[in-house]
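> Have a peek at query38.txt (compact mmCIF, C-alpha atoms).
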```txt
# COMPACT_ATOMS: atom_id res chain seq x y z
CA GLU V 1027 32.47 -39.78 22.87
CA THR V 1028 33.51 -36.36 24.20
CA GLY V 1029 37.18 -35.84 24.96
CA VAL V 1030 38.75 -33.90 27.81
CA THR V 1031 37.89 -30.21 27.70
CA GLN V 1032 39.38 -27.33 29.67
CA SER V 1033 38.35 -23.74 30.24
CA PRO V 1034 39.36 -21.06 29.78
CA THR V 1035 41.95 -21.52 27.04
CA HIS V 1036 43.97 -18.46 28.06
CA LEU V 1037 44.00 -16.30 31.17
CA ILE V 1038 45.94 -13.28 32.38
CA LYS V 1039 46.13 -12.48 36.10
CA THR V 1040 48.26 -10.30 38.35
CA ARG V 1041 50.38 -11.34 41.31
CA GLY V 1042 48.40 -12.04 44.45
CA GLN V 1043 45.16 -12.81 42.63
CA GLN V 1044 43.32 -16.13 42.69
CA VAL V 1045 42.40 -18.27 39.69
CA THR V 1046 40.10 -21.22 39.02
CA LEU V 1047 40.65 -23.53 36.08
CA ARG V 1048 38.08 -26.10 34.97
CA CYS V 1049 38.25 -29.52 33.39
CA SER V 1050 35.61 -31.90 32.07
CA SER V 1051 36.84 -35.46 31.97
CA GLN V 1052 36.26 -37.90 29.16
CA SER V 1053 32.94 -39.70 29.38
CA GLY V 1054 33.09 -42.60 31.84
CA HIS V 1055 36.42 -41.57 33.41
CA ASN V 1056 36.45 -41.22 37.21
CA THR V 1057 40.01 -39.99 37.68
CA VAL V 1058 41.40 -36.55 36.91
CA SER V 1059 45.02 -35.45 37.22
CA TRP V 1060 46.37 -31.91 36.96
CA TYR V 1061 49.80 -30.93 35.67
CA GLN V 1062 51.80 -27.72 35.38
CA GLN V 1063 53.94 -27.38 32.26
CA ALA V 1064 56.36 -24.47 32.34
CA LEU V 1065 57.73 -23.22 29.03
CA GLY V 1066 60.28 -25.67 27.63
CA GLN V 1067 59.70 -28.22 30.38
CA GLY V 1068 57.86 -31.48 30.81
CA PRO V 1069 54.59 -31.60 32.76
CA GLN V 1070 54.89 -31.66 36.55
CA PHE V 1071 52.24 -33.58 38.49
CA ILE V 1072 50.19 -31.35 40.81
CA PHE V 1073 47.56 -33.75 42.18
CA GLN V 1074 45.01 -36.37 41.25
CA TYR V 1075 41.34 -36.78 42.16
CA TYR V 1076 39.67 -40.18 42.19
CA ARG V 1077 35.95 -40.43 42.85
CA GLU V 1078 35.85 -36.92 44.38
CA GLU V 1079 38.76 -37.48 46.78
CA GLU V 1080 42.35 -36.25 46.45
CA ASN V 1081 44.34 -39.38 45.64
CA GLY V 1082 47.90 -38.07 45.60
CA ARG V 1083 49.85 -34.87 45.39
CA GLY V 1084 53.09 -33.73 43.84
CA ASN V 1085 55.52 -31.18 45.21
CA PHE V 1086 53.24 -28.13 45.10
CA PRO V 1087 52.35 -25.78 47.99
CA PRO V 1088 48.90 -25.77 49.64
CA ARG V 1089 47.84 -22.67 47.71
CA PHE V 1090 47.27 -25.14 44.85
CA SER V 1091 43.98 -26.88 45.65
CA GLY V 1092 41.32 -28.74 43.77
CA LEU V 1093 37.90 -30.28 43.68
CA GLN V 1094 36.21 -33.07 41.83
CA PHE V 1095 32.45 -33.08 41.37
CA PRO V 1096 29.98 -35.99 41.24
CA ASN V 1097 30.05 -35.87 37.44
CA TYR V 1098 33.88 -36.23 37.71
CA SER V 1099 34.60 -32.79 36.33
CA SER V 1100 37.28 -30.95 38.26
CA GLU V 1101 38.61 -27.55 39.26
CA LEU V 1102 42.13 -26.38 40.02
CA ASN V 1103 42.37 -23.34 42.28
CA VAL V 1104 45.53 -21.34 42.79
CA ASN V 1105 45.64 -18.64 45.48
CA ALA V 1106 48.12 -15.80 45.91
CA LEU V 1107 49.44 -16.12 42.36
CA GLU V 1108 53.17 -15.71 41.79
CA LEU V 1109 55.01 -14.89 38.59
CA ASP V 1110 56.39 -18.45 38.47
CA ASP V 1111 52.85 -19.82 38.27
CA SER V 1112 52.80 -18.72 34.62
CA ALA V 1113 52.51 -22.00 32.71
CA LEU V 1114 50.29 -24.29 30.70
CA TYR V 1115 47.98 -26.22 33.05
CA LEU V 1116 46.97 -29.60 31.75
CA CYS V 1117 44.17 -31.82 32.90
CA ALA V 1118 44.14 -35.54 32.14
CA SER V 1119 41.47 -38.14 32.78
CA SER V 1120 41.62 -41.91 33.04
CA LEU V 1121 39.41 -44.83 34.00
CA GLU V 1122 41.29 -45.72 37.15
CA ALA V 1123 43.94 -44.16 39.35
CA SER V 1124 46.84 -46.45 38.51
CA LEU V 1125 48.78 -45.49 35.43
CA ARG V 1126 50.58 -48.77 34.99
CA GLN V 1127 48.03 -50.05 32.54
CA GLU V 1128 45.67 -47.17 32.11
CA THR V 1129 45.98 -44.51 29.46
CA GLN V 1130 45.57 -40.88 30.41
CA TYR V 1131 43.75 -38.58 28.00
CA PHE V 1132 44.91 -34.98 28.11
CA GLY V 1133 42.97 -31.83 27.47
CA PRO V 1134 44.37 -28.95 25.40
CA GLY V 1135 45.37 -26.99 28.50
CA THR V 1136 44.84 -23.54 29.95
CA ARG V 1137 47.66 -21.09 29.44
CA LEU V 1138 48.00 -18.83 32.49
CA LEU V 1139 50.09 -15.68 32.46
CA VAL V 1140 50.77 -13.93 35.76
CA LEU V 1141 51.95 -10.32 35.50
CA GLY S 961 63.81 -40.86 43.10
CA ASN S 962 62.56 -41.50 39.62
CA SER S 963 63.88 -39.52 36.69
CA VAL S 964 63.72 -39.46 32.91
CA THR S 965 66.46 -38.07 30.68
CA GLN S 966 65.87 -37.24 27.05
CA MET S 967 68.25 -36.05 24.38
CA GLU S 968 68.22 -32.31 23.93
CA GLY S 969 66.62 -30.84 20.87
CA PRO S 970 65.73 -29.58 18.53
CA VAL S 971 66.19 -32.55 16.27
CA THR S 972 66.02 -31.33 12.68
CA LEU S 973 65.48 -33.84 9.88
CA SER S 974 64.49 -33.93 6.25
CA GLU S 975 61.31 -35.72 5.25
CA GLU S 976 61.74 -39.53 4.97
CA ALA S 977 64.82 -39.53 7.24
CA PHE S 978 65.23 -42.04 10.07
CA LEU S 979 64.40 -40.77 13.56
CA THR S 980 65.83 -41.74 16.92
CA ILE S 981 65.08 -39.86 20.12
CA ASN S 982 66.97 -41.24 23.10
CA CYS S 983 65.35 -41.73 26.50
CA THR S 984 66.90 -43.27 29.60
CA TYR S 985 65.32 -43.61 33.00
CA THR S 986 66.07 -44.16 36.66
CA ALA S 987 63.54 -46.01 38.80
CA THR S 988 63.64 -48.10 41.93
CA GLY S 989 61.24 -50.77 40.67
CA TYR S 990 59.73 -51.90 37.39
CA PRO S 991 58.09 -48.92 35.72
CA SER S 992 55.74 -48.63 32.79
CA LEU S 993 57.20 -46.44 30.07
CA PHE S 994 55.42 -44.02 27.78
CA TRP S 995 56.02 -41.71 24.85
CA TYR S 996 53.70 -38.72 24.51
CA VAL S 997 53.53 -36.22 21.63
CA GLN S 998 52.52 -32.58 21.88
CA TYR S 999 51.64 -30.77 18.67
CA PRO S 1000 51.87 -26.96 18.64
CA GLY S 1001 49.12 -25.37 20.73
CA GLU S 1002 47.73 -28.71 21.90
CA GLY S 1003 47.81 -30.95 24.95
CA LEU S 1004 49.68 -34.23 25.18
CA GLN S 1005 48.62 -37.35 23.31
CA LEU S 1006 49.78 -40.82 24.24
CA LEU S 1007 51.86 -42.15 21.35
CA LEU S 1008 52.85 -45.58 22.68
CA LYS S 1009 53.59 -47.45 25.88
CA ALA S 1010 55.30 -50.58 27.22
CA THR S 1011 54.62 -52.11 30.60
CA LYS S 1012 57.38 -54.71 31.01
CA ALA S 1013 60.90 -55.48 29.90
CA ASP S 1014 61.39 -56.34 26.22
CA ASP S 1015 57.89 -55.11 25.31
CA LYS S 1016 57.74 -53.07 22.13
CA GLY S 1017 55.23 -50.27 21.89
CA SER S 1018 54.24 -49.09 18.43
CA ASN S 1019 51.83 -46.62 16.86
CA LYS S 1020 51.67 -44.57 13.64
CA GLY S 1021 55.02 -45.95 12.47
CA PHE S 1022 56.77 -45.07 15.75
CA GLU S 1023 58.34 -47.81 17.88
CA ALA S 1024 60.12 -48.05 21.21
CA THR S 1025 61.44 -51.11 23.04
CA TYR S 1026 61.64 -51.36 26.83
CA ARG S 1027 65.29 -52.23 27.56
CA LYS S 1028 65.70 -53.03 31.24
CA GLU S 1029 69.42 -53.84 30.93
CA THR S 1030 70.21 -50.38 29.58
CA THR S 1031 67.26 -48.61 31.30
CA SER S 1032 66.27 -47.12 27.96
CA PHE S 1033 63.17 -46.57 25.86
CA HIS S 1034 64.38 -44.93 22.66
CA LEU S 1035 61.80 -43.72 20.15
CA GLU S 1036 62.33 -44.61 16.48
CA LYS S 1037 60.60 -44.07 13.18
CA GLY S 1038 61.85 -45.27 9.83
CA SER S 1039 60.62 -42.39 7.69
CA VAL S 1040 59.46 -39.12 9.23
CA GLN S 1041 56.93 -36.75 7.70
CA VAL S 1042 56.50 -32.99 8.05
CA SER S 1043 53.36 -33.71 10.09
CA ASP S 1044 55.51 -35.46 12.73
CA SER S 1045 56.94 -32.08 13.76
CA ALA S 1046 56.09 -31.79 17.46
CA VAL S 1047 57.56 -32.12 20.93
CA TYR S 1048 58.02 -35.69 22.18
CA PHE S 1049 58.00 -36.56 25.90
CA CYS S 1050 59.26 -39.75 27.47
CA ALA S 1051 57.61 -40.65 30.79
CA LEU S 1052 57.47 -43.40 33.38
CA SER S 1053 55.02 -44.57 35.99
CA GLU S 1054 56.26 -46.98 38.62
CA GLY S 1055 54.30 -49.94 39.94
CA GLY S 1056 50.82 -48.89 40.96
CA SER S 1057 51.80 -45.25 41.21
CA TYR S 1058 49.55 -42.61 39.78
CA ILE S 1059 52.38 -40.08 39.75
CA PRO S 1060 54.12 -40.05 36.38
CA THR S 1061 57.57 -38.59 35.81
CA PHE S 1062 58.13 -36.81 32.51
CA GLY S 1063 61.31 -35.91 30.69
CA ARG S 1064 61.88 -32.36 29.50
CA GLY S 1065 60.76 -33.11 25.96
CA THR S 1066 62.57 -33.20 22.61
CA SER S 1067 61.47 -30.94 19.80
CA LEU S 1068 61.39 -32.53 16.34
CA ILE S 1069 61.38 -30.35 13.22
CA VAL S 1070 60.91 -32.09 9.88
CA HIS S 1071 61.63 -30.12 6.68
CA PRO S 1072 60.07 -30.98 3.30
```
In structure tokens, how does this file's structure come out?

Amino acid sequence: ETGVTQSPTHLIKTRGQQVTLRCSSQSGHNTVSWYQQALGQGPQFIFQYYREEENGRGNFPPRFSGLQFPNYSSELNVNALELDDSALYLCASSLEASLRQETQYFGPGTRLLVL
Amino acid sequence: GNSVTQMEGPVTLSEEAFLTINCTYTATGYPSLFWYVQYPGEGLQLLLKATKADDKGSNKGFEATYRKETTSFHLEKGSVQVSDSAVYFCALSEGGSYIPTFGRGTSLIVHP
């Protein structure tokens, strides 16, 4: 069974640029959630995709967008990068959208540095 | 809104010491509660969870009991090891919500 994988592992961009981060969910999982984890903070929920549709969104501006593909892998796109976007971006997959009973499995993250 | 408050770290212990990391929460309903662990350079791993009042979650020697009356979910371990050094996050998910709320994390450092 393959776990959650993310690419790239590290990335350096400059302000105003655009970035795409990728996530492959665990085999059989149809739900992917994205989180931003700033240094010294807990993860903040960005959005979730369930069966290729956005299923909920946290308090992030529209320049944060995403996609989920038929194989349930996912992309996070961030436009017009700002210095405060520097963070660890985590992807998590689960079998269903509700977290009350379901366990999320996290990937190792992509560390983004915006200069 | 929902919130999770954890004790500030770092918590520094000697090997085989008893560990408690405090976590309290605020929620409007009846949340599920989680503890996650993040080892250096890695993503989060679910450590344990409890879905209703008085449930006890346990894993790898760690335990936490869902206390509705005190809105708490404190993490405990009887004898820590150096390999337990990591950052521990308390989190909640309310009802059928897919939007979890995490605490800020508590760093644990265990010395030999």
> Distance limit 8 Å, atoms considered: only C-alpha atoms. Which chain S residues sit that close to chain V? Return them as a VMD selection string.
chain S and resid 991 to 992 1001 to 1006 1011 1049 1053 to 1065
> Which residue, S:Glu1023, S:Val1042, S:Ala1013, S:Cys1050, has the smallest gap to Leu973 (chain S) when you use all atoms listed in the file?
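Of the candidates, the smallest distance to Leu973 (chain S) is held by S:Val1042.
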> Rank V:Ala1106, V:Leu1141, V:Glu1101, V:Leu1065 by their smallest atom-to-atom distance to Pro1087 (chain V), using all atoms listed in the file, and report the top residue only.
V:Ala1106
> Using all atoms listed in the file, which residue out of S:Thr1025, S:Ser1043, S:Thr1031, S:Ser963 lies closest to Lys1009 (chain S)?
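Among S:Thr1025, S:Ser1043, S:Thr1031, S:Ser963, it is S:Thr1025 that comes nearest to Lys1009 (chain S).
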> As an exercise, work out the distance from CA of Thr1040 (chain V) to CA of Arg1089 (chain V) in Å and give it to one decimal place.
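If I compute the distance from CA of Thr1040 (chain V) to CA of Arg1089 (chain V), I get 15.5 Å.
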> Can you tell me which residues surround Tyr1075 (chain V) at a distance of at most 9 Å, considering only C-alpha atoms, apart from same-chain residues fewer than 2 positions away, and format the answer as a list of chain:residue names?
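Selected residues are V:Asn1056, V:Thr1057, V:Val1058, V:Ser1059, V:Trp1060, V:Phe1073, V:Arg1077, V:Glu1078, V:Glu1079, V:Glu1080, V:Asn1081, V:Gly1082, V:Gly1092, V:Leu1093, V:Gln1094, V:Tyr1098, V:Ser1100, V:Ala1123.
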> Using all atoms listed in the file, which residue out of V:Gly1042, V:Gly1029, V:Pro1034, V:Gly1054 lies closest to Leu1107 (chain V)?
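Ranking V:Gly1042, V:Gly1029, V:Pro1034, V:Gly1054 by distance to Leu1107 (chain V), first place goes to V:Gly1042.
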> Using CA of Glu1036 (chain S) and CA of Thr980 (chain S) as the two end points, give the distance in Å to one decimal.
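These two atoms are separated by 4.5 Å.
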> If you count only C-alpha atoms, which residues fall within 7 Å of Leu1035 (chain S), apart from same-chain ones fewer than 2 positions away, as JSON, numbers by chain?
{"S": [980, 981, 982, 1022, 1023, 1024, 1033]}
> Restricting the calculation to all atoms listed in the file, which member of S:Ser1039, S:Asn1019, S:Thr965, S:Ser1045 is positioned closest to Thr984 (chain S)?
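With all atoms listed in the file as the atom set, the closest residue is S:Thr965.
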> So what do you get for CA of Pro1000 (chain S) versus CA of Ala1046 (chain S), distance-wise?
6.5 Å
> For the point (46.7, -14.0, 33.7) in the file's frame, write as a PyMOL selection string all residues with an atom no more than 10 Å away, counting only C-alpha atoms.
chain V and resi 1036-1041+1043-1045+1107+1109+1111-1113+1137-1141
> Taking all listed atoms of region 1094-1097 of chain V, build the axis-aligned box, pad each of the six sides by 5 Å, then write its centre and edge lengths in Å to one decimal as lines of an AutoDock Vina configuration file.

```
center_x = 33.1
center_y = -34.5
center_z = 39.6
size_x = 16.2
size_y = 12.9
size_z = 14.4
```
> Could you pull region 1060-1095 of chain V out of the block above and save it with N, CA, C and O atoms, as a short mmCIF file (atom, residue, chain, number, x, y, z; two decimals), in the first residue's frame?

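As a result, part-v3.cif now contains:
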```
data_model
loop_
_atom_site.label_atom_id
_atom_site.label_comp_id
_atom_site.auth_asym_id
_atom_site.auth_seq_id
_atom_site.Cartn_x
_atom_site.Cartn_y
_atom_site.Cartn_z
N TRP V 1060 -5.87 19.95 1.97
CA TRP V 1060 -4.61 20.71 1.96
C TRP V 1060 -4.54 21.61 3.18
O TRP V 1060 -5.56 22.23 3.56
N TYR V 1061 -3.35 21.73 3.75
CA TYR V 1061 -3.12 22.55 4.93
C TYR V 1061 -1.87 23.40 4.73
O TYR V 1061 -0.91 22.97 4.06
N GLN V 1062 -1.88 24.57 5.35
CA GLN V 1062 -0.69 25.41 5.43
C GLN V 1062 -0.20 25.41 6.87
O GLN V 1062 -0.97 25.67 7.80
N GLN V 1063 1.08 25.10 7.06
CA GLN V 1063 1.65 25.10 8.41
C GLN V 1063 2.80 26.09 8.46
O GLN V 1063 3.89 25.80 7.98
N ALA V 1064 2.55 27.24 9.03
CA ALA V 1064 3.60 28.23 9.20
C ALA V 1064 4.53 27.77 10.32
O ALA V 1064 4.14 26.96 11.17
N LEU V 1065 5.74 28.30 10.32
CA LEU V 1065 6.74 27.88 11.30
C LEU V 1065 6.24 28.10 12.72
O LEU V 1065 5.77 29.19 13.06
N GLY V 1066 6.27 27.05 13.53
CA GLY V 1066 5.87 27.17 14.93
C GLY V 1066 4.37 27.18 15.16
O GLY V 1066 3.92 27.44 16.28
N GLN V 1067 3.60 26.90 14.12
CA GLN V 1067 2.14 26.92 14.23
C GLN V 1067 1.55 25.55 13.90
O GLN V 1067 2.22 24.70 13.32
N GLY V 1068 0.27 25.39 14.24
CA GLY V 1068 -0.44 24.20 13.81
C GLY V 1068 -0.91 24.35 12.38
O GLY V 1068 -0.97 25.46 11.84
N PRO V 1069 -1.25 23.25 11.74
CA PRO V 1069 -1.76 23.32 10.35
C PRO V 1069 -3.07 24.10 10.28
O PRO V 1069 -3.93 23.96 11.15
N GLN V 1070 -3.21 24.89 9.21
CA GLN V 1070 -4.44 25.62 8.94
C GLN V 1070 -5.08 25.01 7.68
O GLN V 1070 -4.42 24.89 6.65
N PHE V 1071 -6.36 24.69 7.78
CA PHE V 1071 -7.07 24.05 6.68
C PHE V 1071 -7.25 25.03 5.53
O PHE V 1071 -7.76 26.14 5.72
N ILE V 1072 -6.84 24.61 4.32
CA ILE V 1072 -7.01 25.45 3.13
C ILE V 1072 -8.30 25.06 2.41
O ILE V 1072 -9.20 25.88 2.24
N PHE V 1073 -8.37 23.83 1.94
CA PHE V 1073 -9.59 23.31 1.32
C PHE V 1073 -9.49 21.80 1.23
O PHE V 1073 -8.45 21.18 1.47
N GLN V 1074 -10.65 21.21 0.86
CA GLN V 1074 -10.74 19.77 0.69
C GLN V 1074 -11.38 19.45 -0.66
O GLN V 1074 -12.30 20.16 -1.10
N TYR V 1075 -10.92 18.40 -1.29
CA TYR V 1075 -11.54 17.89 -2.52
C TYR V 1075 -12.05 16.48 -2.28
O TYR V 1075 -11.36 15.62 -1.72
N TYR V 1076 -13.28 16.26 -2.71
CA TYR V 1076 -13.95 14.97 -2.57
C TYR V 1076 -14.50 14.60 -3.93
O TYR V 1076 -15.34 15.30 -4.49
N ARG V 1077 -14.00 13.50 -4.45
CA ARG V 1077 -14.45 13.02 -5.78
C ARG V 1077 -14.43 14.14 -6.81
O ARG V 1077 -15.43 14.36 -7.52
N GLU V 1078 -13.31 14.83 -6.87
CA GLU V 1078 -12.98 15.85 -7.89
C GLU V 1078 -13.71 17.19 -7.69
O GLU V 1078 -13.56 18.08 -8.53
N GLU V 1079 -14.47 17.34 -6.63
CA GLU V 1079 -15.16 18.60 -6.38
C GLU V 1079 -14.64 19.23 -5.08
O GLU V 1079 -14.38 18.52 -4.10
N GLU V 1080 -14.54 20.56 -5.05
CA GLU V 1080 -14.17 21.23 -3.81
C GLU V 1080 -15.30 21.03 -2.81
O GLU V 1080 -16.47 21.32 -3.09
N ASN V 1081 -14.94 20.58 -1.62
CA ASN V 1081 -15.93 20.14 -0.63
C ASN V 1081 -15.92 21.02 0.61
O ASN V 1081 -16.61 20.73 1.58
N GLY V 1082 -15.16 22.08 0.59
CA GLY V 1082 -15.09 22.96 1.75
C GLY V 1082 -13.81 23.76 1.69
O GLY V 1082 -12.82 23.32 1.07
N ARG V 1083 -13.83 24.92 2.31
CA ARG V 1083 -12.70 25.83 2.19
C ARG V 1083 -12.50 26.55 3.51
O ARG V 1083 -13.47 26.96 4.16
N GLY V 1084 -11.25 26.72 3.88
CA GLY V 1084 -10.92 27.51 5.06
C GLY V 1084 -10.79 28.97 4.70
O GLY V 1084 -11.17 29.41 3.61
N ASN V 1085 -10.21 29.74 5.58
CA ASN V 1085 -10.13 31.18 5.42
C ASN V 1085 -8.90 31.58 4.61
O ASN V 1085 -7.97 32.21 5.12
N PHE V 1086 -8.88 31.21 3.35
CA PHE V 1086 -7.78 31.53 2.45
C PHE V 1086 -8.33 32.26 1.23
O PHE V 1086 -9.43 31.95 0.78
N PRO V 1087 -7.56 33.21 0.68
CA PRO V 1087 -8.06 34.01 -0.46
C PRO V 1087 -8.15 33.16 -1.72
O PRO V 1087 -7.56 32.08 -1.81
N PRO V 1088 -8.86 33.68 -2.73
CA PRO V 1088 -9.08 32.93 -3.98
C PRO V 1088 -7.80 32.63 -4.75
O PRO V 1088 -7.81 31.73 -5.61
N ARG V 1089 -6.70 33.32 -4.44
CA ARG V 1089 -5.46 33.01 -5.18
C ARG V 1089 -4.92 31.62 -4.79
O ARG V 1089 -4.01 31.11 -5.43
N PHE V 1090 -5.51 31.02 -3.74
CA PHE V 1090 -5.24 29.62 -3.43
C PHE V 1090 -6.34 28.79 -4.11
O PHE V 1090 -7.53 28.94 -3.79
N SER V 1091 -5.94 27.96 -5.06
CA SER V 1091 -6.93 27.14 -5.76
C SER V 1091 -6.40 25.73 -5.89
O SER V 1091 -5.21 25.47 -5.67
N GLY V 1092 -7.29 24.83 -6.29
CA GLY V 1092 -6.87 23.43 -6.36
C GLY V 1092 -7.61 22.66 -7.42
O GLY V 1092 -8.54 23.15 -8.07
N LEU V 1093 -7.16 21.44 -7.57
CA LEU V 1093 -7.79 20.49 -8.50
C LEU V 1093 -7.66 19.11 -7.90
O LEU V 1093 -6.69 18.82 -7.19
N GLN V 1094 -8.64 18.26 -8.23
CA GLN V 1094 -8.46 16.83 -7.96
C GLN V 1094 -8.73 16.09 -9.26
O GLN V 1094 -9.69 16.40 -9.99
N PHE V 1095 -7.94 15.10 -9.54
CA PHE V 1095 -8.01 14.36 -10.80
C PHE V 1095 -8.77 13.06 -10.62
O PHE V 1095 -9.00 12.62 -9.48
#
```
